[in-house]
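Source file model05.tsv; content: TSV, C-alpha atoms (C1' of nucleotides).
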```tsv
chain	number	residue	atom	x	y	z
A	136	MET	CA	0.00	0.00	0.00
A	137	GLU	CA	1.27	3.47	-0.94
A	138	LYS	CA	1.83	5.58	2.16
A	139	ASP	CA	4.36	8.13	0.96
A	140	LEU	CA	2.35	11.19	1.97
A	141	CYS	CA	2.60	14.09	-0.39
A	142	ARG	CA	4.84	12.17	-2.73
A	143	VAL	CA	1.89	10.32	-4.15
A	144	SER	CA	0.25	13.51	-5.22
A	145	CYS	CA	3.05	15.58	-6.54
A	146	VAL	CA	6.51	14.13	-6.80
A	147	ASN	CA	6.10	11.36	-9.31
A	148	ARG	CA	5.54	13.55	-12.29
A	149	PRO	CA	7.63	13.85	-15.43
A	150	LEU	CA	7.83	17.54	-14.60
A	151	MET	CA	10.02	16.81	-11.63
A	152	GLU	CA	12.30	14.71	-13.77
A	153	GLN	CA	12.72	17.60	-16.11
A	154	VAL	CA	13.35	20.17	-13.38
A	155	LEU	CA	15.84	17.88	-11.66
A	156	LYS	CA	17.61	17.16	-14.90
A	157	ALA	CA	18.02	20.86	-15.62
A	158	LEU	CA	19.66	21.56	-12.25
A	159	PRO	CA	23.31	22.61	-12.53
A	160	ASP	CA	25.66	20.03	-11.06
A	161	GLU	CA	27.02	20.16	-7.53
A	162	PRO	CA	30.44	21.75	-8.21
A	163	LEU	CA	28.89	24.53	-10.27
A	164	LEU	CA	26.31	25.26	-7.58
A	165	ARG	CA	29.01	25.29	-4.93
A	166	GLY	CA	31.07	27.65	-7.04
A	167	ALA	CA	28.21	30.05	-7.57
A	168	ALA	CA	27.27	29.94	-3.89
A	169	GLU	CA	30.88	30.72	-3.03
A	170	ILE	CA	30.84	33.81	-5.21
A	171	PHE	CA	27.54	35.01	-3.79
A	172	LYS	CA	28.89	34.42	-0.29
A	173	MET	CA	31.73	36.81	-1.01
A	174	LEU	CA	29.17	39.42	-2.04
A	175	ALA	CA	27.08	38.83	1.06
A	176	ASP	CA	28.79	41.37	3.31
A	177	PRO	CA	28.36	45.17	3.23
A	178	ASN	CA	32.04	45.87	3.81
A	179	ARG	CA	33.16	43.55	1.04
A	180	LEU	CA	30.60	45.21	-1.22
A	181	ARG	CA	32.13	48.56	-0.35
A	182	LEU	CA	35.62	47.27	-1.16
A	183	LEU	CA	34.49	45.83	-4.48
A	184	HIS	CA	32.48	48.91	-5.38
A	185	ALA	CA	35.50	51.10	-4.73
A	186	LEU	CA	37.62	48.83	-6.90
A	187	THR	CA	35.18	49.13	-9.78
A	188	GLN	CA	36.33	52.72	-10.00
A	189	GLU	CA	39.98	52.62	-9.13
A	190	GLU	CA	42.90	50.42	-8.24
A	191	LEU	CA	43.60	50.97	-4.53
A	192	CYS	CA	46.12	49.97	-1.88
A	193	VAL	CA	45.27	48.12	1.32
A	194	CYS	CA	45.42	51.11	3.62
A	195	ASP	CA	43.21	53.14	1.31
A	196	LEU	CA	40.70	50.31	1.40
A	197	ALA	CA	41.00	50.06	5.18
A	198	ALA	CA	40.31	53.76	5.53
A	199	LEU	CA	37.39	53.47	3.16
A	200	VAL	CA	35.54	50.89	5.22
A	201	ASP	CA	36.82	52.37	8.47
A	202	THR	CA	38.33	49.22	9.94
A	203	SER	CA	41.79	47.88	10.75
A	204	ALA	CA	44.26	46.96	8.03
A	205	SER	CA	44.25	43.45	9.44
A	206	ALA	CA	40.52	43.00	9.03
A	207	VAL	CA	40.65	44.31	5.47
A	208	SER	CA	43.59	42.05	4.70
A	209	HIS	CA	41.57	39.04	5.81
A	210	GLN	CA	38.66	40.12	3.62
A	211	LEU	CA	40.94	40.71	0.67
A	212	ARG	CA	42.35	37.25	1.07
A	213	LEU	CA	38.87	35.81	0.77
A	214	LEU	CA	38.22	37.90	-2.33
A	215	ARG	CA	41.57	36.82	-3.76
A	216	THR	CA	41.02	33.11	-3.27
A	217	ALA	CA	37.54	33.46	-4.74
A	218	ARG	CA	39.18	35.11	-7.75
A	219	LEU	CA	37.12	38.28	-7.43
A	220	VAL	CA	40.16	40.53	-7.10
A	221	LYS	CA	43.80	40.41	-8.12
A	222	TYR	CA	46.74	42.37	-6.81
A	223	ARG	CA	49.98	43.97	-7.82
A	224	ARG	CA	52.95	44.75	-5.62
A	225	GLU	CA	54.79	48.07	-5.90
A	226	GLY	CA	57.48	48.52	-3.28
A	227	LYS	CA	55.90	48.29	0.13
A	228	MET	CA	52.44	48.84	-1.21
A	229	VAL	CA	50.03	46.28	-2.61
A	230	TYR	CA	47.43	47.50	-5.07
A	231	TYR	CA	44.19	45.63	-5.61
A	232	GLN	CA	41.83	45.63	-8.55
A	233	LEU	CA	38.83	43.64	-9.71
A	234	ASP	CA	39.69	40.38	-11.41
A	235	ASP	CA	37.28	40.94	-14.29
A	236	GLU	CA	34.25	42.85	-15.54
A	237	HIS	CA	31.88	40.09	-14.49
A	238	VAL	CA	32.32	41.00	-10.83
A	239	ALA	CA	31.35	44.61	-11.43
A	240	HIS	CA	28.31	43.46	-13.33
A	241	LEU	CA	27.11	41.11	-10.59
A	242	LEU	CA	27.63	43.86	-8.03
A	243	GLN	CA	25.65	46.32	-10.09
A	244	GLU	CA	22.81	43.84	-10.60
A	245	GLY	CA	22.55	43.17	-6.88
A	246	LEU	CA	22.50	46.85	-6.02
A	247	ARG	CA	19.86	47.53	-8.63
A	248	HIS	CA	17.65	44.74	-7.37
A	249	ALA	CA	18.05	46.01	-3.80
A	250	ALA	CA	17.15	49.53	-4.88
A	251	GLU	CA	13.97	48.36	-6.59
A	252	GLY	CA	12.76	45.87	-3.96
B	130	MET	CA	54.32	65.87	13.48
B	131	GLU	CA	52.42	63.59	11.15
B	132	LYS	CA	52.55	60.00	12.37
B	133	ASP	CA	49.55	58.46	10.66
B	134	LEU	CA	51.43	55.67	8.91
B	135	CYS	CA	50.23	54.91	5.45
B	136	ARG	CA	47.66	57.66	5.60
B	137	VAL	CA	50.25	60.28	4.82
B	138	SER	CA	51.15	58.65	1.57
B	139	CYS	CA	47.88	57.55	0.15
B	140	VAL	CA	44.66	58.48	1.89
B	141	ASN	CA	44.54	62.22	1.58
B	142	ARG	CA	43.93	62.36	-2.10
B	143	PRO	CA	40.98	63.80	-3.97
B	144	LEU	CA	40.64	60.36	-5.52
B	145	MET	CA	39.56	58.90	-2.20
B	146	GLU	CA	36.95	61.60	-1.81
B	147	GLN	CA	35.52	60.69	-5.16
B	148	VAL	CA	35.49	56.95	-4.51
B	149	LEU	CA	33.93	57.45	-1.10
B	150	LYS	CA	31.32	59.79	-2.49
B	151	ALA	CA	30.31	57.25	-5.12
B	152	LEU	CA	29.73	54.48	-2.56
B	153	PRO	CA	26.09	53.44	-2.26
B	154	ASP	CA	24.61	54.35	1.11
B	155	GLU	CA	24.41	51.95	4.04
B	156	PRO	CA	20.80	50.73	3.62
B	157	LEU	CA	21.32	49.96	-0.04
B	158	LEU	CA	24.51	48.03	0.68
B	159	ARG	CA	22.78	46.12	3.45
B	160	GLY	CA	19.92	45.30	1.13
B	161	ALA	CA	22.19	44.05	-1.62
B	162	ALA	CA	24.25	42.01	0.86
B	163	GLU	CA	21.02	40.48	2.14
B	164	ILE	CA	20.04	39.36	-1.34
B	165	PHE	CA	23.48	37.91	-2.05
B	166	LYS	CA	23.35	36.13	1.30
B	167	MET	CA	20.17	34.37	0.20
B	168	LEU	CA	21.99	33.22	-2.93
B	169	ALA	CA	25.00	32.02	-0.95
B	170	ASP	CA	23.79	28.48	-0.31
B	171	PRO	CA	23.77	25.58	-2.80
B	172	ASN	CA	20.40	24.26	-1.64
B	173	ARG	CA	18.74	27.64	-1.94
B	174	LEU	CA	20.27	28.00	-5.39
B	175	ARG	CA	18.73	24.64	-6.29
B	176	LEU	CA	15.35	25.77	-5.04
B	177	LEU	CA	15.53	29.03	-6.95
B	178	HIS	CA	16.80	27.37	-10.09
B	179	ALA	CA	13.92	24.91	-10.01
B	180	LEU	CA	11.50	27.80	-9.58
B	181	THR	CA	12.88	29.57	-12.61
B	182	GLN	CA	11.33	26.75	-14.60
B	183	GLU	CA	8.17	25.90	-12.77
B	184	GLU	CA	5.90	26.78	-9.89
B	185	LEU	CA	6.35	24.04	-7.28
B	186	CYS	CA	4.88	22.94	-3.95
B	187	VAL	CA	6.88	22.56	-0.73
B	188	CYS	CA	7.12	18.77	-0.81
B	189	ASP	CA	8.29	18.84	-4.41
B	190	LEU	CA	10.98	21.28	-3.41
B	191	ALA	CA	11.91	19.16	-0.40
B	192	ALA	CA	12.26	16.09	-2.61
B	193	LEU	CA	14.32	18.09	-5.07
B	194	VAL	CA	16.99	19.09	-2.57
B	195	ASP	CA	16.64	15.82	-0.67
B	196	THR	CA	16.04	17.26	2.78
B	197	SER	CA	13.19	17.43	5.27
B	198	ALA	CA	10.08	19.52	4.60
B	199	SER	CA	10.90	21.45	7.73
B	200	ALA	CA	14.35	22.46	6.56
B	201	VAL	CA	12.97	23.56	3.21
B	202	SER	CA	10.21	25.48	4.90
B	203	HIS	CA	12.77	27.42	6.91
B	204	GLN	CA	14.73	28.19	3.75
B	205	LEU	CA	11.59	29.25	1.93
B	206	ARG	CA	10.73	31.60	4.76
B	207	LEU	CA	14.10	33.29	4.33
B	208	LEU	CA	13.53	33.59	0.59
B	209	ARG	CA	10.04	34.93	1.24
B	210	THR	CA	11.11	37.63	3.67
B	211	ALA	CA	13.90	38.62	1.29
B	212	ARG	CA	11.23	38.94	-1.42
B	213	LEU	CA	12.93	36.49	-3.72
B	214	VAL	CA	9.93	34.17	-3.90
B	215	LYS	CA	6.19	34.50	-3.47
B	216	TYR	CA	3.60	31.84	-2.78
B	217	ARG	CA	0.05	30.86	-3.49
B	218	ARG	CA	-2.18	28.60	-1.45
B	219	GLU	CA	-4.39	25.99	-3.10
B	220	GLY	CA	-6.19	23.77	-0.63
B	221	LYS	CA	-3.62	22.08	1.56
B	222	MET	CA	-0.83	22.78	-0.85
B	223	VAL	CA	1.33	25.89	-1.06
B	224	TYR	CA	2.93	26.69	-4.39
B	225	TYR	CA	6.02	28.84	-4.65
B	226	GLN	CA	7.34	30.85	-7.55
B	227	LEU	CA	10.04	33.45	-8.11
B	228	ASP	CA	9.07	36.96	-7.12
B	229	ASP	CA	10.38	38.53	-10.32
B	230	GLU	CA	12.65	38.10	-13.32
B	231	HIS	CA	15.49	39.89	-11.61
B	232	VAL	CA	16.12	36.92	-9.35
B	233	ALA	CA	16.46	34.53	-12.26
B	234	HIS	CA	18.84	36.93	-13.92
B	235	LEU	CA	21.10	37.25	-10.87
B	236	LEU	CA	21.12	33.49	-10.47
B	237	GLN	CA	22.07	32.98	-14.09
B	238	GLU	CA	24.86	35.56	-13.86
B	239	GLY	CA	26.33	33.89	-10.80
B	240	LEU	CA	26.26	30.47	-12.40
B	241	ARG	CA	27.85	31.78	-15.56
B	242	HIS	CA	30.65	33.46	-13.64
B	243	ALA	CA	31.24	30.26	-11.65
B	244	ALA	CA	31.36	28.23	-14.84
B	245	GLU	CA	33.95	30.53	-16.40
B	246	GLY	CA	36.18	31.01	-13.35
C	167	DT	C1'	-16.51	16.61	14.26
C	168	DC	C1'	-12.41	14.37	14.16
C	169	DA	C1'	-8.37	12.26	12.16
C	170	DA	C1'	-5.02	12.87	8.50
C	171	DC	C1'	-2.12	15.65	5.94
C	172	DG	C1'	0.69	19.72	3.90
C	173	DG	C1'	3.03	23.11	5.67
C	174	DC	C1'	4.82	26.39	9.41
C	175	DT	C1'	7.36	27.63	13.62
C	176	DG	C1'	10.38	28.08	18.03
C	177	DA	C1'	14.11	26.15	20.56
C	178	DA	C1'	18.45	24.03	20.57
C	179	DC	C1'	22.67	22.63	18.73
C	180	DA	C1'	26.81	22.17	15.65
C	181	DA	C1'	29.21	24.53	12.05
C	182	DC	C1'	30.72	28.66	10.03
C	183	DT	C1'	31.92	33.96	9.65
C	184	DG	C1'	34.20	38.24	10.74
C	185	DT	C1'	36.88	40.73	13.91
C	186	DT	C1'	40.69	41.47	17.12
C	187	DC	C1'	45.19	40.65	18.85
C	188	DA	C1'	49.79	39.39	18.63
C	189	DG	C1'	53.39	38.23	15.93
C	190	DT	C1'	55.71	37.62	11.07
C	191	DT	C1'	57.46	38.83	6.37
C	192	DA	C1'	59.20	41.86	2.87
C	193	DT	C1'	60.62	46.30	1.44
C	194	DT	C1'	62.48	50.80	2.21
C	195	DT	C1'	65.21	54.30	4.67
C	196	DT	C1'	68.77	55.84	7.60
D	247	DA	C1'	72.74	46.61	9.61
D	248	DA	C1'	68.91	48.36	12.17
D	249	DA	C1'	64.56	50.76	12.47
D	250	DA	C1'	60.32	51.72	10.30
D	251	DT	C1'	56.50	50.60	7.52
D	252	DA	C1'	52.80	48.16	4.42
D	253	DA	C1'	50.81	44.09	4.42
D	254	DC	C1'	49.95	39.17	5.79
D	255	DT	C1'	48.81	35.37	8.96
D	256	DG	C1'	47.22	32.05	12.88
D	257	DA	C1'	44.68	31.63	17.03
D	258	DA	C1'	40.78	32.85	19.60
D	259	DC	C1'	36.42	34.76	20.47
D	260	DA	C1'	31.54	36.50	19.72
D	261	DG	C1'	27.91	36.50	16.56
D	262	DT	C1'	25.45	34.21	12.82
D	263	DT	C1'	23.67	30.32	9.92
D	264	DG	C1'	21.40	25.85	8.76
D	265	DT	C1'	19.59	21.71	10.42
D	266	DT	C1'	16.87	18.75	13.47
D	267	DC	C1'	13.26	17.89	16.62
D	268	DA	C1'	8.95	18.47	18.56
D	269	DG	C1'	4.79	20.49	18.32
D	270	DC	C1'	1.27	23.70	16.08
D	271	DC	C1'	-2.01	25.60	12.39
D	272	DG	C1'	-5.23	25.35	8.53
D	273	DT	C1'	-7.56	22.51	5.11
D	274	DT	C1'	-9.70	18.26	3.60
D	275	DG	C1'	-12.46	14.16	3.69
D	276	DA	C1'	-14.67	10.51	6.32
```

What do you get writing this file as structure tokens?
Amino acid sequence: MEKDLCRVSCVNRPLMEQVLKALPDEPLLRGAAEIFKMLADPNRLRLLHALTQEELCVCDLAALVDTSASAVSHQLRLLRTARLVKYRREGKMVYYQLDDEHVAHLLQEGLRHAAEG
Amino acid sequence: MEKDLCRVSCVNRPLMEQVLKALPDEPLLRGAAEIFKMLADPNRLRLLHALTQEELCVCDLAALVDTSASAVSHQLRLLRTARLVKYRREGKMVYYQLDDEHVAHLLQEGLRHAAEG
DNA sequence: TCAACGGCTGAACAACTGTTCAGTTATTTT
DNA sequence: AAAATAACTGAACAGTTGTTCAGCCGTTGA
């Protein structure tokens, strides 16, 4: 006897097969989630937004978000390993910039959606 | 005597004024971060991706991400309060769909960026 | 009206995030 | 070579997130 609650009524449909089949695979979903996670913090958004305009050094960025250089350095490391920013050394200073245009675009889309909502 | 470390060499520039002035204001940044935070989880991405294709009920969604109905319900509440999804009641069933096209677009952008990186 | 069912919710708990603090590295200046 | 400086890092701590568990609410059908 079939006892599988709701499953009787709605899961066993070809529709579900189709939806499930269209789902991106695990690694891709993880990757996308990782990127969104990096964008899920106001201070990181500030850093990235600033970098859409201009290449900046760590202490400039620290001043911009009004926190310690250490805290910003940790954040920048996250952004680096997520490939959202790249850097360039010049003497004692390290200058950061966005890794590519895509990042700026995502940022802009998120801000626009937030402004409309 | 000026002792403010790096600040002497790089902060006091008109450039910084400009960058700072262009920064979106606090509420907007918080709003955008909130949206990105909702997108920062593989299971929520699965749910949203499924909903880009089809309106679905809670137990369908639960089956899709292979977790309990309770867990999905909690996730859906987050997505609801962030205005990423809306719902419709029909008898005992509750059907969810994306709140607007913008969500699908953001999702797609994130996945594309992840695929390229 | 009462049991069954789809879905929702609060509390609790483990896992994760972001900051601070202290200490390190690499480069420049004296 | 030594002191100073820009930036990085590991450990530790508070705050947050996602799941589970138990129980509740609203609708349906006997």

Contacts from chain C to chain A, 8 Å maximum, all atoms listed in the file: show me the residue list as a list in words.
DC171, DG172, DT185, DA192, DT193 and DT194 of chain C

Any chance you could dump chain A, least-squares fitted to chain B on all C-alpha atoms in order, as a compact mmCIF listing (two decimals) with C-alpha atoms, keeping the file's coordinate frame?
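Saved as part.txt:
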```
# COMPACT_ATOMS: atom_id res chain seq x y z
CA MET A 136 54.44 66.15 13.46
CA GLU A 137 52.57 63.85 11.06
CA LYS A 138 52.77 60.25 12.23
CA ASP A 139 49.73 58.70 10.59
CA LEU A 140 51.61 55.89 8.85
CA CYS A 141 50.34 55.00 5.44
CA ARG A 142 47.71 57.69 5.58
CA VAL A 143 50.26 60.33 4.75
CA SER A 144 51.13 58.64 1.53
CA CYS A 145 47.86 57.51 0.17
CA VAL A 146 44.66 58.44 1.92
CA ASN A 147 44.58 62.18 1.63
CA ARG A 148 43.95 62.32 -2.05
CA PRO A 149 40.97 63.77 -3.89
CA LEU A 150 40.64 60.33 -5.46
CA MET A 151 39.57 58.87 -2.16
CA GLU A 152 36.98 61.58 -1.76
CA GLN A 153 35.55 60.67 -5.09
CA VAL A 154 35.52 56.93 -4.45
CA LEU A 155 33.94 57.42 -1.04
CA LYS A 156 31.35 59.76 -2.43
CA ALA A 157 30.34 57.24 -5.07
CA LEU A 158 29.75 54.47 -2.52
CA PRO A 159 26.10 53.42 -2.24
CA ASP A 160 24.61 54.31 1.13
CA GLU A 161 24.40 51.92 4.06
CA PRO A 162 20.79 50.71 3.65
CA LEU A 163 21.32 49.93 -0.02
CA LEU A 164 24.51 48.01 0.71
CA ARG A 165 22.77 46.09 3.47
CA GLY A 166 19.91 45.28 1.13
CA ALA A 167 22.20 44.02 -1.60
CA ALA A 168 24.23 41.98 0.88
CA GLU A 169 21.00 40.45 2.15
CA ILE A 170 20.03 39.34 -1.33
CA PHE A 171 23.46 37.89 -2.03
CA LYS A 172 23.32 36.09 1.31
CA MET A 173 20.16 34.34 0.21
CA LEU A 174 21.98 33.18 -2.92
CA ALA A 175 24.98 31.99 -0.93
CA ASP A 176 23.78 28.44 -0.29
CA PRO A 177 23.75 25.54 -2.79
CA ASN A 178 20.37 24.24 -1.65
CA ARG A 179 18.71 27.63 -1.93
CA LEU A 180 20.26 27.97 -5.38
CA ARG A 181 18.72 24.63 -6.30
CA LEU A 182 15.31 25.77 -5.04
CA LEU A 183 15.51 29.03 -6.95
CA HIS A 184 16.80 27.37 -10.10
CA ALA A 185 13.91 24.92 -10.02
CA LEU A 186 11.48 27.80 -9.58
CA THR A 187 12.87 29.57 -12.63
CA GLN A 188 11.32 26.75 -14.61
CA GLU A 189 8.15 25.91 -12.78
CA GLU A 190 5.91 26.79 -9.90
CA LEU A 191 6.33 24.03 -7.29
CA CYS A 192 4.87 22.95 -3.97
CA VAL A 193 6.86 22.56 -0.76
CA CYS A 194 7.10 18.79 -0.84
CA ASP A 195 8.26 18.83 -4.44
CA LEU A 196 10.97 21.27 -3.44
CA ALA A 197 11.88 19.15 -0.42
CA ALA A 198 12.24 16.09 -2.62
CA LEU A 199 14.30 18.07 -5.08
CA VAL A 200 16.96 19.06 -2.58
CA ASP A 201 16.59 15.78 -0.70
CA THR A 202 15.96 17.21 2.76
CA SER A 203 13.08 17.41 5.23
CA ALA A 204 10.01 19.51 4.55
CA SER A 205 10.83 21.43 7.71
CA ALA A 206 14.28 22.43 6.53
CA VAL A 207 12.92 23.54 3.17
CA SER A 208 10.14 25.47 4.88
CA HIS A 209 12.72 27.39 6.89
CA GLN A 210 14.68 28.18 3.73
CA LEU A 211 11.55 29.26 1.92
CA ARG A 212 10.72 31.59 4.74
CA LEU A 213 14.07 33.28 4.32
CA LEU A 214 13.50 33.58 0.58
CA ARG A 215 10.01 34.94 1.22
CA THR A 216 11.08 37.63 3.66
CA ALA A 217 13.88 38.61 1.29
CA ARG A 218 11.23 38.96 -1.41
CA LEU A 219 12.93 36.49 -3.73
CA VAL A 220 9.91 34.19 -3.91
CA LYS A 221 6.17 34.51 -3.47
CA TYR A 222 3.59 31.86 -2.79
CA ARG A 223 0.04 30.86 -3.50
CA ARG A 224 -2.17 28.59 -1.44
CA GLU A 225 -4.36 25.95 -3.09
CA GLY A 226 -6.14 23.71 -0.61
CA LYS A 227 -3.57 22.00 1.54
CA MET A 228 -0.77 22.75 -0.84
CA VAL A 229 1.35 25.88 -1.06
CA TYR A 230 2.92 26.68 -4.41
CA TYR A 231 6.01 28.83 -4.67
CA GLN A 232 7.34 30.87 -7.55
CA LEU A 233 10.03 33.46 -8.12
CA ASP A 234 9.05 36.97 -7.13
CA ASP A 235 10.38 38.53 -10.32
CA GLU A 236 12.65 38.11 -13.33
CA HIS A 237 15.51 39.90 -11.62
CA VAL A 238 16.12 36.92 -9.35
CA ALA A 239 16.47 34.54 -12.28
CA HIS A 240 18.88 36.93 -13.91
CA LEU A 241 21.11 37.25 -10.85
CA LEU A 242 21.11 33.48 -10.48
CA GLN A 243 22.08 33.00 -14.09
CA GLU A 244 24.88 35.57 -13.84
CA GLY A 245 26.34 33.87 -10.78
CA LEU A 246 26.26 30.45 -12.40
CA ARG A 247 27.87 31.78 -15.54
CA HIS A 248 30.65 33.46 -13.60
CA ALA A 249 31.24 30.25 -11.63
CA ALA A 250 31.37 28.22 -14.83
CA GLU A 251 33.98 30.52 -16.36
CA GLY A 252 36.20 31.02 -13.30
```

Which residue gives the smallest distance to Ser208 (chain A) among D:DT274, D:DA250, D:DT262, D:DT255, with all atoms listed in the file counted?
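Of all the options, D:DT255 lies closest to Ser208 (chain A).
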
Close residues, region 185-194 of chain A itself excluded, 7 Å, all atoms listed in the file, min 2 positions apart in chain, as an NGL selection string:
(:A and (181-183 or 196-198 or 204 or 228-233 or 239)) or (:B and (135 or 148))

Minimum-distance residue to chain B, chosen among A:Leu211, A:Ala167, A:Leu219, A:Leu150 (using only C-alpha atoms)
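Checking each of A:Leu211, A:Ala167, A:Leu219, A:Leu150 against chain B, counting only C-alpha atoms, the winner is A:Ala167.
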
Chain A contacts on chain B, only C-alpha atoms, 9 Å, as JSON, numbers by chain:
{"B": [135, 136, 139, 140, 144, 145, 148, 149, 151, 152, 153, 155, 157, 158, 159, 160, 161, 162, 163, 164, 165, 166, 167, 168, 169, 170, 171, 172, 174, 175, 178, 179, 180, 182, 183, 186, 188, 189, 192, 193, 212, 231, 232, 234, 235, 236, 238, 239, 240, 241, 242, 243, 244, 246]}

Find the residues near DG269 (chain D): any atom within 10 Å, counting only C-alpha atoms (C1' of nucleotides), skip ones fewer than 2 places away on the same chain, and give them as a ChimeraX atom specification.
/C:175-176 /D:267

Give me, as JSON lines, the closest atom pair and its distance (Å, one decimal) for every residue of chain D within a cut-off of 9 Å of chain A, counting all atoms listed in the file, rows sorted by chain and rising number.
```
{"residue": "D:DT251", "atom": "C1'", "partner": "A:Lys227", "partner_atom": "CA", "distance": 7.8}
{"residue": "D:DA252", "atom": "C1'", "partner": "A:Lys227", "partner_atom": "CA", "distance": 5.3}
{"residue": "D:DA253", "atom": "C1'", "partner": "A:Val229", "partner_atom": "CA", "distance": 7.4}
{"residue": "D:DC254", "atom": "C1'", "partner": "A:Ser208", "partner_atom": "CA", "distance": 7.1}
{"residue": "D:DT255", "atom": "C1'", "partner": "A:His209", "partner_atom": "CA", "distance": 8.7}
```

Would you save the residues of that selection, restricted to C-alpha atoms (C1' of nucleotides), as a PDB file, in the frame of the given file?
```pdb
ATOM      1  C1'  DT D 251      56.500  50.600   7.520  1.00  0.00           C
ATOM      2  C1'  DA D 252      52.800  48.160   4.420  1.00  0.00           C
ATOM      3  C1'  DA D 253      50.810  44.090   4.420  1.00  0.00           C
ATOM      4  C1'  DC D 254      49.950  39.170   5.790  1.00  0.00           C
ATOM      5  C1'  DT D 255      48.810  35.370   8.960  1.00  0.00           C
TER       6       DT D 255
END
```

Produce the centre coordinates and the three edge lengths, each in Å to one decimal, of the box along x, y and z that contains all listed atoms of region 167-172 of chain C with 5 Å added on each side, as AutoDock Vina command-line options.
```
--center_x -7.9 --center_y 16.0 --center_z 9.1 --size_x 27.2 --size_y 17.5 --size_z 20.4
```

To one decimal place in Å, what is the distance between CA of Arg223 (chain A) and C1' of DA249 (chain D)?
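These atoms are spaced 25.9 Å apart.
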
Do you have the CA of Leu207 (chain B)-C1' of DG264 (chain D) distance handy?
11.3 Å

Identify, on the basis of only C-alpha atoms (C1' of nucleotides), every residue whose closest approach to DG275 (chain D) does not exceed 12 Å; exclude the query and any residue fewer than 2 positions from it along the same chain; express the result as a list in words.
DT167, DC168, DA169, DA170 and DC171 of chain C; DT273 of chain D

Take CA of Asp195 (chain B) and CA of Arg209 (chain B) and report the distance between them in Å, one decimal.
20.3 Å
